[in-house]
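Data file: protein.cif. Format and content: mmCIF, C-alpha atoms.
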data_upload
#
loop_
_atom_site.group_PDB
_atom_site.id
_atom_site.type_symbol
_atom_site.label_atom_id
_atom_site.label_comp_id
_atom_site.auth_asym_id
_atom_site.auth_seq_id
_atom_site.Cartn_x
_atom_site.Cartn_y
_atom_site.Cartn_z
ATOM 1 C CA MET A 1 6.396 -18.977 -10.530
ATOM 2 C CA ASP A 2 9.413 -20.038 -8.566
ATOM 3 C CA LYS A 3 8.269 -20.459 -4.958
ATOM 4 C CA LYS A 4 11.757 -21.084 -3.633
ATOM 5 C CA ARG A 5 13.122 -17.846 -5.079
ATOM 6 C CA LEU A 6 10.139 -15.885 -3.791
ATOM 7 C CA LEU A 7 10.792 -17.276 -0.325
ATOM 8 C CA ILE A 8 14.469 -16.310 -0.587
ATOM 9 C CA ILE A 9 13.521 -12.733 -1.521
ATOM 10 C CA LEU A 10 11.168 -12.589 1.475
ATOM 11 C CA ILE A 11 13.865 -13.871 3.830
ATOM 12 C CA ILE A 12 16.499 -11.427 2.517
ATOM 13 C CA LEU A 13 14.154 -8.457 2.872
ATOM 14 C CA PHE A 14 13.108 -9.658 6.308
ATOM 15 C CA ILE A 15 16.740 -9.756 7.471
ATOM 16 C CA LEU A 16 17.337 -6.266 6.063
ATOM 17 C CA LEU A 17 14.244 -4.820 7.822
ATOM 18 C CA PRO A 18 16.135 -2.572 10.291
ATOM 19 C CA LEU A 19 17.255 -0.501 7.274
ATOM 20 C CA GLY A 20 13.665 0.719 7.138
ATOM 21 C CA LEU A 21 14.134 2.328 10.553
ATOM 22 C CA LEU A 22 17.161 4.413 9.619
ATOM 23 C CA THR A 23 15.333 7.527 8.488
ATOM 24 C CA GLU A 24 13.802 9.934 10.972
ATOM 25 C CA TYR A 25 11.755 11.603 8.250
ATOM 26 C CA SER A 26 7.992 11.050 8.276
ATOM 27 C CA ALA A 27 6.097 10.376 5.096
ATOM 28 C CA TRP A 28 4.686 13.531 3.540
ATOM 29 C CA GLY A 29 1.430 14.447 5.296
ATOM 30 C CA GLU A 30 1.877 11.858 8.048
ATOM 31 C CA TRP A 31 3.252 14.312 10.585
ATOM 32 C CA ASP A 32 2.928 14.603 14.324
ATOM 33 C CA ASN A 33 0.227 17.059 15.364
ATOM 34 C CA GLU A 34 2.831 19.518 16.626
ATOM 35 C CA VAL A 35 4.155 19.889 13.081
ATOM 36 C CA TYR A 36 0.813 21.413 12.021
ATOM 37 C CA LYS A 37 1.125 23.971 14.793
ATOM 38 C CA GLN A 38 4.523 24.995 13.460
ATOM 39 C CA MET A 39 3.428 25.024 9.821
ATOM 40 C CA ILE A 40 0.006 26.682 9.940
ATOM 41 C CA GLY A 41 -0.300 27.892 13.526
ATOM 42 C CA PHE A 42 -3.006 25.463 14.632
ATOM 43 C CA ILE A 43 -3.978 21.797 14.601
ATOM 44 C CA PRO A 44 -7.119 21.223 12.509
ATOM 45 C CA GLU A 45 -10.025 19.994 14.679
ATOM 46 C CA GLY A 46 -10.391 16.636 12.939
ATOM 47 C CA ILE A 47 -6.703 15.851 13.245
ATOM 48 C CA LYS A 48 -6.614 17.001 16.876
ATOM 49 C CA ASN A 49 -9.580 14.820 17.834
ATOM 50 C CA ALA A 50 -8.460 11.673 16.015
ATOM 51 C CA LYS A 51 -7.823 8.721 18.293
ATOM 52 C CA SER A 52 -5.588 5.787 17.594
ATOM 53 C CA PHE A 53 -6.516 2.317 18.807
ATOM 54 C CA ALA A 54 -3.429 0.621 17.394
ATOM 55 C CA ILE A 55 -2.277 -2.483 19.268
ATOM 56 C CA ILE A 56 1.378 -1.972 18.328
ATOM 57 C CA PRO A 57 1.624 1.735 17.416
ATOM 58 C CA ASP A 58 4.039 2.509 14.607
ATOM 59 C CA TYR A 59 5.461 -1.048 14.464
ATOM 60 C CA GLY A 60 7.004 -0.681 17.920
ATOM 61 C CA GLU A 61 8.137 2.940 17.631
ATOM 62 C CA GLY A 62 11.695 2.388 16.494
ATOM 63 C CA SER A 63 12.610 -0.803 18.356
ATOM 64 C CA VAL A 64 14.410 -3.241 16.046
ATOM 65 C CA ILE A 65 13.018 -6.318 17.787
ATOM 66 C CA MET A 66 9.480 -4.949 17.614
ATOM 67 C CA TYR A 67 10.022 -4.133 13.947
ATOM 68 C CA TYR A 68 10.943 -7.760 13.261
ATOM 69 C CA LEU A 69 8.023 -9.029 15.360
ATOM 70 C CA SER A 70 5.642 -6.652 13.558
ATOM 71 C CA ALA A 71 6.718 -8.067 10.191
ATOM 72 C CA LEU A 72 6.298 -11.630 11.472
ATOM 73 C CA LEU A 73 2.863 -10.831 12.878
ATOM 74 C CA GLY A 74 1.754 -9.133 9.656
ATOM 75 C CA GLY A 75 3.035 -12.018 7.548
ATOM 76 C CA ALA A 76 1.427 -14.609 9.821
ATOM 77 C CA ILE A 77 -1.983 -12.913 9.676
ATOM 78 C CA LEU A 78 -1.782 -12.667 5.876
ATOM 79 C CA PHE A 79 -0.777 -16.312 5.439
ATOM 80 C CA GLY A 80 -3.400 -17.403 7.967
ATOM 81 C CA PHE A 81 -6.088 -15.489 6.135
ATOM 82 C CA PHE A 82 -5.271 -16.973 2.723
ATOM 83 C CA TYR A 83 -4.841 -20.434 4.214
ATOM 84 C CA PHE A 84 -8.298 -20.440 5.790
ATOM 85 C CA LEU A 85 -9.878 -18.853 2.757
ATOM 86 C CA ALA A 86 -8.389 -21.580 0.569
ATOM 87 C CA LYS A 87 -9.696 -24.187 3.036
ATOM 88 C CA THR A 88 -13.264 -22.884 2.949
ATOM 89 C CA ASN A 89 -12.969 -22.811 -0.816
ATOM 90 C CA LYS A 90 -12.113 -26.486 -0.904
ATOM 91 C CA HIS A 91 -15.097 -27.355 1.251
ATOM 92 C CA GLU A 92 -17.420 -25.404 -0.979
ATOM 93 C CA THR A 93 -16.194 -26.987 -4.181
ATOM 94 C CA ASN A 94 -16.268 -30.524 -2.749
ATOM 95 C CA MET B 1 0.550 7.657 1.313
ATOM 96 C CA HIS B 2 -1.112 6.100 4.380
ATOM 97 C CA ILE B 3 -3.688 8.773 5.245
ATOM 98 C CA PRO B 4 -4.292 8.727 9.028
ATOM 99 C CA ASP B 5 -7.596 9.123 10.908
ATOM 100 C CA GLY B 6 -8.846 12.675 11.286
ATOM 101 C CA TYR B 7 -7.517 13.805 7.906
ATOM 102 C CA LEU B 8 -10.685 13.249 5.877
ATOM 103 C CA SER B 9 -14.095 14.877 6.197
ATOM 104 C CA PRO B 10 -17.012 12.555 7.060
ATOM 105 C CA SER B 11 -18.465 13.102 3.554
ATOM 106 C CA THR B 12 -15.184 11.922 2.037
ATOM 107 C CA VAL B 13 -15.156 8.884 4.313
ATOM 108 C CA ILE B 14 -18.722 7.952 3.338
ATOM 109 C CA ALA B 15 -18.150 8.555 -0.381
ATOM 110 C CA THR B 16 -14.929 6.505 -0.504
ATOM 111 C CA TYR B 17 -16.420 3.603 1.498
ATOM 112 C CA THR B 18 -19.487 3.611 -0.755
ATOM 113 C CA LEU B 19 -17.201 3.235 -3.730
ATOM 114 C CA ALA B 20 -14.794 0.748 -2.129
ATOM 115 C CA ILE B 21 -17.237 -1.718 -0.530
ATOM 116 C CA PRO B 22 -18.724 -3.140 -3.759
ATOM 117 C CA LEU B 23 -15.216 -3.326 -5.244
ATOM 118 C CA TRP B 24 -13.967 -5.231 -2.180
ATOM 119 C CA VAL B 25 -16.918 -7.628 -2.378
ATOM 120 C CA TYR B 26 -16.384 -8.313 -6.074
ATOM 121 C CA GLY B 27 -12.598 -8.565 -5.726
ATOM 122 C CA PHE B 28 -12.944 -10.912 -2.772
ATOM 123 C CA LYS B 29 -15.062 -13.253 -4.917
ATOM 124 C CA LYS B 30 -12.434 -13.122 -7.661
ATOM 125 C CA LEU B 31 -9.698 -13.880 -5.151
ATOM 126 C CA LYS B 32 -11.624 -16.834 -3.740
ATOM 127 C CA GLN B 33 -12.029 -18.285 -7.211
ATOM 128 C CA SER B 34 -8.283 -18.115 -7.782
ATOM 129 C CA LEU B 35 -7.231 -19.565 -4.427
ATOM 130 C CA ASN B 36 -6.147 -23.197 -4.484
ATOM 131 C CA GLU B 37 -3.286 -25.253 -3.097
ATOM 132 C CA GLU B 38 -0.985 -24.015 -5.851
ATOM 133 C CA THR B 39 -1.770 -20.290 -5.710
ATOM 134 C CA MET B 40 -2.407 -19.906 -1.957
ATOM 135 C CA PRO B 41 1.265 -19.911 -0.836
ATOM 136 C CA LEU B 42 2.215 -17.601 -3.715
ATOM 137 C CA ILE B 43 -0.513 -15.047 -3.024
ATOM 138 C CA GLY B 44 0.276 -15.278 0.691
ATOM 139 C CA ALA B 45 3.983 -14.719 0.088
ATOM 140 C CA LEU B 46 3.401 -11.818 -2.329
ATOM 141 C CA SER B 47 1.090 -10.144 0.186
ATOM 142 C CA ALA B 48 3.709 -10.610 2.912
ATOM 143 C CA LEU B 49 6.224 -9.121 0.487
ATOM 144 C CA SER B 50 3.977 -6.072 0.035
ATOM 145 C CA PHE B 51 3.679 -5.753 3.821
ATOM 146 C CA ILE B 52 7.459 -5.957 4.270
ATOM 147 C CA ILE B 53 8.443 -3.704 1.359
ATOM 148 C CA MET B 54 6.245 -0.950 2.835
ATOM 149 C CA MET B 55 8.381 -1.108 6.005
ATOM 150 C CA PHE B 56 11.442 0.082 4.072
ATOM 151 C CA ASN B 57 11.102 3.818 4.587
ATOM 152 C CA ILE B 58 13.352 5.645 2.179
ATOM 153 C CA PRO B 59 14.324 9.247 2.950
ATOM 154 C CA ILE B 60 14.289 11.794 0.123
ATOM 155 C CA PRO B 61 15.560 15.378 -0.145
ATOM 156 C CA GLY B 62 13.152 17.796 1.498
ATOM 157 C CA GLY B 63 12.809 15.933 4.773
ATOM 158 C CA THR B 64 10.188 13.318 3.997
ATOM 159 C CA SER B 65 10.237 9.600 3.351
ATOM 160 C CA GLY B 66 8.241 7.001 1.472
ATOM 161 C CA HIS B 67 8.242 3.417 0.315
ATOM 162 C CA ALA B 68 7.256 1.001 -2.429
ATOM 163 C CA VAL B 69 3.845 -0.725 -2.261
ATOM 164 C CA GLY B 70 4.037 -3.896 -4.324
ATOM 165 C CA ALA B 71 0.496 -3.799 -5.728
ATOM 166 C CA THR B 72 1.558 -3.802 -9.387
ATOM 167 C CA LEU B 73 3.770 -6.849 -8.856
ATOM 168 C CA ILE B 74 0.822 -8.943 -7.618
ATOM 169 C CA ALA B 75 -1.399 -7.532 -10.374
ATOM 170 C CA ILE B 76 0.973 -8.527 -13.186
ATOM 171 C CA LEU B 77 1.807 -11.947 -11.700
ATOM 172 C CA PHE B 78 -1.845 -12.840 -11.049
ATOM 173 C CA ASN B 79 -4.486 -10.273 -11.884
ATOM 174 C CA PRO B 80 -5.377 -6.773 -10.690
ATOM 175 C CA TRP B 81 -8.309 -7.926 -8.514
ATOM 176 C CA ILE B 82 -5.950 -10.113 -6.507
ATOM 177 C CA GLY B 83 -3.489 -7.211 -6.225
ATOM 178 C CA PHE B 84 -6.315 -4.971 -5.049
ATOM 179 C CA ILE B 85 -7.650 -7.348 -2.388
ATOM 180 C CA SER B 86 -4.227 -8.491 -1.144
ATOM 181 C CA VAL B 87 -2.918 -4.950 -0.696
ATOM 182 C CA SER B 88 -6.242 -3.826 0.847
ATOM 183 C CA LEU B 89 -5.765 -6.592 3.389
ATOM 184 C CA VAL B 90 -2.200 -5.417 4.047
ATOM 185 C CA LEU B 91 -3.553 -1.880 4.581
ATOM 186 C CA LEU B 92 -6.261 -3.196 6.932
ATOM 187 C CA ILE B 93 -3.667 -4.960 9.111
ATOM 188 C CA GLN B 94 -1.379 -1.911 9.062
ATOM 189 C CA SER B 95 -4.234 0.333 10.080
ATOM 190 C CA VAL B 96 -5.865 -1.784 12.811
ATOM 191 C CA ILE B 97 -2.767 -3.297 14.420
ATOM 192 C CA PHE B 98 -0.003 -0.795 13.755
ATOM 193 C CA GLY B 99 -1.872 2.505 13.436
ATOM 194 C CA ASP B 100 -0.313 3.043 10.005
ATOM 195 C CA GLY B 101 -3.092 4.677 8.002
ATOM 196 C CA GLY B 102 -6.483 5.465 9.531
ATOM 197 C CA ILE B 103 -9.484 3.161 9.682
ATOM 198 C CA SER B 104 -11.660 6.021 8.407
ATOM 199 C CA ALA B 105 -9.125 6.423 5.565
ATOM 200 C CA LEU B 106 -8.917 2.712 4.749
ATOM 201 C CA ALA B 107 -11.251 3.054 1.769
ATOM 202 C CA THR B 108 -9.247 5.995 0.395
ATOM 203 C CA ASN B 109 -5.913 4.292 0.978
ATOM 204 C CA SER B 110 -7.197 1.067 -0.607
ATOM 205 C CA LEU B 111 -8.674 2.825 -3.629
ATOM 206 C CA GLY B 112 -5.404 4.685 -4.166
ATOM 207 C CA MET B 113 -2.616 2.297 -3.280
ATOM 208 C CA ALA B 114 -4.358 -1.048 -3.868
ATOM 209 C CA PHE B 115 -7.012 -0.525 -6.558
ATOM 210 C CA VAL B 116 -5.501 2.125 -8.790
ATOM 211 C CA GLY B 117 -1.961 0.833 -8.201
ATOM 212 C CA SER B 118 -2.978 -2.672 -9.295
ATOM 213 C CA PHE B 119 -5.130 -1.737 -12.279
ATOM 214 C CA VAL B 120 -2.951 1.010 -13.761
ATOM 215 C CA GLY B 121 0.163 -1.151 -13.319
ATOM 216 C CA TYR B 122 -1.606 -4.136 -14.872
ATOM 217 C CA TYR B 123 -2.865 -2.344 -17.965
ATOM 218 C CA ILE B 124 0.423 -0.548 -18.587
ATOM 219 C CA PHE B 125 2.115 -3.933 -18.363
ATOM 220 C CA LYS B 126 -0.355 -5.410 -20.860
ATOM 221 C CA LEU B 127 0.248 -2.477 -23.178
ATOM 222 C CA LEU B 128 4.009 -3.111 -23.100
ATOM 223 C CA LYS B 129 3.626 -6.863 -23.411
ATOM 224 C CA GLY B 130 6.936 -8.590 -23.962
ATOM 225 C CA LYS B 131 9.065 -5.483 -23.514
ATOM 226 C CA LYS B 132 12.059 -6.045 -21.318
ATOM 227 C CA PHE B 133 11.358 -3.196 -18.922
ATOM 228 C CA ALA B 134 7.564 -3.574 -18.824
ATOM 229 C CA PRO B 135 7.562 -4.509 -15.092
ATOM 230 C CA PHE B 136 9.626 -1.406 -14.218
ATOM 231 C CA ILE B 137 7.391 0.950 -16.183
ATOM 232 C CA ALA B 138 4.249 -0.758 -14.873
ATOM 233 C CA GLY B 139 5.446 -0.454 -11.267
ATOM 234 C CA TRP B 140 6.397 3.190 -11.726
ATOM 235 C CA SER B 141 3.061 4.029 -13.378
ATOM 236 C CA GLY B 142 1.063 2.105 -10.781
ATOM 237 C CA ILE B 143 2.462 3.897 -7.752
ATOM 238 C CA VAL B 144 2.445 7.320 -9.461
ATOM 239 C CA ALA B 145 -1.247 6.790 -10.306
ATOM 240 C CA SER B 146 -1.845 5.828 -6.660
ATOM 241 C CA SER B 147 -0.208 9.052 -5.519
ATOM 242 C CA VAL B 148 -2.500 11.052 -7.833
ATOM 243 C CA ILE B 149 -5.607 9.580 -6.156
ATOM 244 C CA ILE B 150 -4.260 10.165 -2.638
ATOM 245 C CA ALA B 151 -3.177 13.730 -3.543
ATOM 246 C CA LEU B 152 -6.621 14.518 -5.025
ATOM 247 C CA ILE B 153 -8.563 13.224 -2.029
ATOM 248 C CA LEU B 154 -6.232 14.940 0.470
ATOM 249 C CA GLY B 155 -6.129 18.158 -1.549
ATOM 250 C CA ILE B 156 -9.909 18.710 -1.505
ATOM 251 C CA GLN B 157 -10.119 18.490 2.307
ATOM 252 C CA PRO B 158 -9.656 22.256 2.958
ATOM 253 C CA PHE B 159 -13.103 22.609 1.338
ATOM 254 C CA TRP B 160 -14.488 21.566 4.742
ATOM 255 C CA ASN B 161 -13.610 24.515 6.939
ATOM 256 C CA GLU B 162 -14.926 26.824 9.611
ATOM 257 C CA ASN B 163 -14.572 30.447 8.538
ATOM 258 C CA GLY B 164 -11.645 29.497 6.337
ATOM 259 C CA LYS B 165 -9.962 27.421 9.029
ATOM 260 C CA PRO B 166 -9.611 23.854 7.707
ATOM 261 C CA LEU B 167 -11.219 21.166 9.875
ATOM 262 C CA TYR B 168 -9.313 18.264 8.339
ATOM 263 C CA PHE B 169 -6.191 18.039 6.177
ATOM 264 C CA PRO B 170 -5.263 21.712 5.675
ATOM 265 C CA PHE B 171 -3.313 21.755 2.385
ATOM 266 C CA ASP B 172 -4.993 22.078 -0.989
ATOM 267 C CA LEU B 173 -4.297 20.534 -4.393
ATOM 268 C CA GLU B 174 -1.634 23.108 -5.226
ATOM 269 C CA THR B 175 0.440 21.630 -2.408
ATOM 270 C CA THR B 176 -0.591 17.963 -2.385
ATOM 271 C CA ILE B 177 -0.120 17.317 -6.120
ATOM 272 C CA PRO B 178 3.509 18.453 -6.408
ATOM 273 C CA ALA B 179 4.458 17.038 -2.999
ATOM 274 C CA LEU B 180 2.918 13.585 -3.426
ATOM 275 C CA VAL B 181 2.860 13.026 -7.183
ATOM 276 C CA GLY B 182 6.214 14.749 -7.692
ATOM 277 C CA SER B 183 7.986 12.670 -5.049
ATOM 278 C CA HIS B 184 6.502 9.457 -6.422
ATOM 279 C CA MET B 185 7.490 10.300 -9.989
ATOM 280 C CA ALA B 186 11.045 11.191 -9.024
ATOM 281 C CA PHE B 187 11.831 8.749 -6.213
ATOM 282 C CA PHE B 188 9.363 6.176 -4.921
ATOM 283 C CA GLY B 189 8.168 5.300 -8.430
ATOM 284 C CA ILE B 190 11.738 4.396 -9.344
ATOM 285 C CA VAL B 191 11.987 2.238 -6.213
ATOM 286 C CA GLU B 192 8.656 0.571 -7.019
ATOM 287 C CA GLY B 193 9.789 0.020 -10.601
ATOM 288 C CA ILE B 194 13.088 -1.583 -9.623
ATOM 289 C CA PHE B 195 11.345 -3.723 -7.003
ATOM 290 C CA THR B 196 8.707 -4.876 -9.499
ATOM 291 C CA GLN B 197 11.267 -5.639 -12.208
ATOM 292 C CA LEU B 198 13.705 -7.476 -9.920
ATOM 293 C CA VAL B 199 11.130 -9.666 -8.226
ATOM 294 C CA TYR B 200 9.318 -10.333 -11.491
ATOM 295 C CA ASN B 201 12.522 -11.391 -13.264
ATOM 296 C CA THR B 202 13.652 -13.500 -10.319
ATOM 297 C CA ILE B 203 10.536 -15.553 -9.723
ATOM 298 C CA ARG B 204 8.935 -15.789 -13.140
ATOM 299 C CA LYS B 205 9.832 -19.124 -14.704
ATOM 300 C CA LYS B 206 11.036 -19.120 -18.279
ATOM 301 C CA GLU B 207 8.426 -21.551 -19.582
ATOM 302 C CA TRP B 208 5.686 -19.215 -18.336
ATOM 303 C CA ILE B 209 7.139 -16.323 -20.269
ATOM 304 C CA LYS B 210 7.321 -18.415 -23.442
ATOM 305 C CA LYS B 211 3.761 -19.595 -22.977
ATOM 306 C CA ASP B 212 2.304 -16.131 -22.399
ATOM 307 C CA PHE B 213 4.130 -14.020 -24.902
#
Go ahead and render the structure in this file as structure tokens.
Amino acid sequence: MDKKRLLIILIILFILLPLGLLTEYSAWGEWDNEVYKQMIGFIPEGIKNAKSFAIIPDYGEGSVIMYYLSALLGGAILFGFFYFLAKTNKHETN
Amino acid sequence: MHIPDGYLSPSTVIATYTLAIPLWVYGFKKLKQSLNEETMPLIGALSALSFIIMMFNIPIPGGTSGHAVGATLIAILFNPWIGFISVSLVLLIQSVIFGDGGISALATNSLGMAFVGSFVGYYIFKLLKGKKFAPFIAGWSGIVASSVIIALILGIQPFWNENGKPLYFPFDLETTIPALVGSHMAFFGIVEGIFTQLVYNTIRKKEWIKKDF
């Protein structure tokens, strides 16, 4: 596989990230609780009682800078995870 | 397709975790075996790509939006277990840090988007070996299969109700199947297919293709 080209694709998509914020539409089924009230007249108990413990809710709730930082954070955690996993692997095989 | 917390009955949560945990353990072992200095940056970058591509919310007629997942791409470039574990990890980060998809729904979301997306995409790709548009068709099939799993699990939730009043996700299969599977067949599957084909064609080196096919 061509690492350089993969990196270029990642960088291009990263730059274009704000395009992902353009739509106001939620994904199907991932509505605000109020939407249930409008659609069926009540909010199901489970959905009403659900709590969110997210550190950065909704990737910064529409802020472009937070959207970029969210992507960087996500990418960094993923790379970090694979890096350390590969390291422990090396130790085990040595 | 990121089911939030509070949408699934406790029995569904337990059943899906019971199914997912052994698959995660086995897949994690497979991933560890494949990780070395050569594959680590590639698997890392493809996982980051899956994370980023899911941030491109695409609006569709009817007032909803969706996105590609990228599981099939990892599955056909490496193997489906690596696609499954990498995308599960993406879903874990999305759920814990960004509140995108519930922690109670992580097993469901992983089984649908990561496991089924990777394996269906992978086997369709194998079936079409050497065909020019195999990555497109594999990507489309993978995400459509994912949407079937998510629609099924969501659509049985009204079964848990109090005097007919649903306690969790309130819409049944008659609604979830056309809404989720239909939109993925018509729109997000096409996006996933184009994404899979473009990235596959761009990064796959010619000598690899000759060697494999």
Quote the spacing between atom CA of B:Gly155 and atom CA of B:His67 in Å to one decimal place.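 Separation of atom CA of B:Gly155 and atom CA of B:His67: 20.7 Å.
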Give as JSON, numbers by chain the residues that the PyMOL selection byres ((chain A and resi 1-10) around 7) matches when applied to the coordinates above. {"A": [11, 12, 13, 14], "B": [42, 49, 202, 203, 204, 205]}
Taking all atoms listed in the file into account, find every residue of chain A that has an atom no more than 8 Å from chain B, and write it out as a ChimeraX atom specification. /A:1-3,5-7,9-10,13-14,17,19-23,25-30,44-59,71,74-75,78-79,82-83,85-86,89-90
Atom pair atom CA of B:Leu92 / atom CA of B:Thr196: separation (Å):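 According to the coordinates, atom CA of B:Leu92 and atom CA of B:Thr196 are separated by 22.3 Å.
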State, in Å with one decimal place, the distance from atom CA of B:Gly112 to atom CA of B:Glu174.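 So the answer is 18.8 Å.
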To test your reading of the syntax: which residues would the PyMOL selection byres ((chain B and resi 197) around 10) return for the file shown? Reply as a PyMOL selection string. chain B and resi 73+132-139+191-196+198-202
Around stretch 98-115 of chain B, with edges along x, y and z and 8 Å added on all six sides, what centre and edge lengths do you get, in Å to one decimal, as lines of an AutoDock Vina configuration file?
center_x = -5.8
center_y = 2.7
center_z = 3.6
size_x = 27.7
size_y = 23.5
size_z = 36.3
Within 9 Å of B:His184, counting all atoms listed in the file, which residues qualify if same-chain residues fewer than 4 places away don't, as a PyMOL selection string? chain B and resi 66+140+143-144+147+179-180+188-190
For this file, the PyMOL selection byres ((chain B and resi 111) around 9) selects which residues, as JSON, numbers by chain? {"B": [16, 19, 20, 84, 88, 106, 107, 108, 109, 110, 112, 113, 114, 115, 116, 117, 146, 149, 150]}
Add whatever atoms are absent from stretch 4-23 of chain A to reach N, CA and C atoms, and provide the output as a compact mmCIF listing (two decimals), keeping the file's coordinate frame.
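Writing done, so here's rebuild36.txt:
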# COMPACT_ATOMS: atom_id res chain seq x y z
N LYS A 4 10.54 -21.11 -4.43
CA LYS A 4 11.76 -21.08 -3.63
C LYS A 4 12.41 -19.70 -3.72
N ARG A 5 12.49 -19.16 -4.92
CA ARG A 5 13.12 -17.85 -5.08
C ARG A 5 12.31 -16.75 -4.40
N LEU A 6 11.00 -16.87 -4.46
CA LEU A 6 10.14 -15.88 -3.79
C LEU A 6 10.39 -15.91 -2.28
N LEU A 7 10.52 -17.12 -1.76
CA LEU A 7 10.79 -17.28 -0.32
C LEU A 7 12.14 -16.66 0.03
N ILE A 8 13.14 -16.88 -0.84
CA ILE A 8 14.47 -16.31 -0.59
C ILE A 8 14.40 -14.77 -0.56
N ILE A 9 13.67 -14.20 -1.50
CA ILE A 9 13.52 -12.73 -1.52
C ILE A 9 12.89 -12.25 -0.21
N LEU A 10 11.84 -12.97 0.22
CA LEU A 10 11.17 -12.59 1.48
C LEU A 10 12.14 -12.64 2.65
N ILE A 11 12.93 -13.71 2.71
CA ILE A 11 13.86 -13.87 3.83
C ILE A 11 14.93 -12.77 3.80
N ILE A 12 15.46 -12.48 2.61
CA ILE A 12 16.50 -11.43 2.52
C ILE A 12 15.93 -10.08 2.98
N LEU A 13 14.74 -9.74 2.47
CA LEU A 13 14.15 -8.46 2.87
C LEU A 13 13.85 -8.43 4.36
N PHE A 14 13.40 -9.58 4.88
CA PHE A 14 13.11 -9.66 6.31
C PHE A 14 14.37 -9.36 7.13
N ILE A 15 15.48 -9.98 6.74
CA ILE A 15 16.74 -9.76 7.47
C ILE A 15 17.14 -8.28 7.41
N LEU A 16 16.91 -7.67 6.25
CA LEU A 16 17.34 -6.27 6.06
C LEU A 16 16.38 -5.24 6.70
N LEU A 17 15.28 -5.73 7.30
CA LEU A 17 14.24 -4.82 7.82
C LEU A 17 14.71 -3.60 8.62
N PRO A 18 15.72 -3.75 9.51
CA PRO A 18 16.14 -2.57 10.29
C PRO A 18 16.54 -1.38 9.43
N LEU A 19 16.93 -1.62 8.17
CA LEU A 19 17.26 -0.50 7.27
C LEU A 19 16.06 0.45 7.14
N GLY A 20 14.87 -0.10 7.26
CA GLY A 20 13.66 0.72 7.14
C GLY A 20 13.48 1.69 8.29
N LEU A 21 14.26 1.46 9.36
CA LEU A 21 14.13 2.33 10.55
C LEU A 21 15.13 3.47 10.54
N LEU A 22 16.06 3.45 9.58
CA LEU A 22 17.16 4.41 9.62
C LEU A 22 16.72 5.87 9.50
N THR A 23 15.70 6.12 8.69
CA THR A 23 15.33 7.53 8.49
C THR A 23 14.42 8.04 9.60
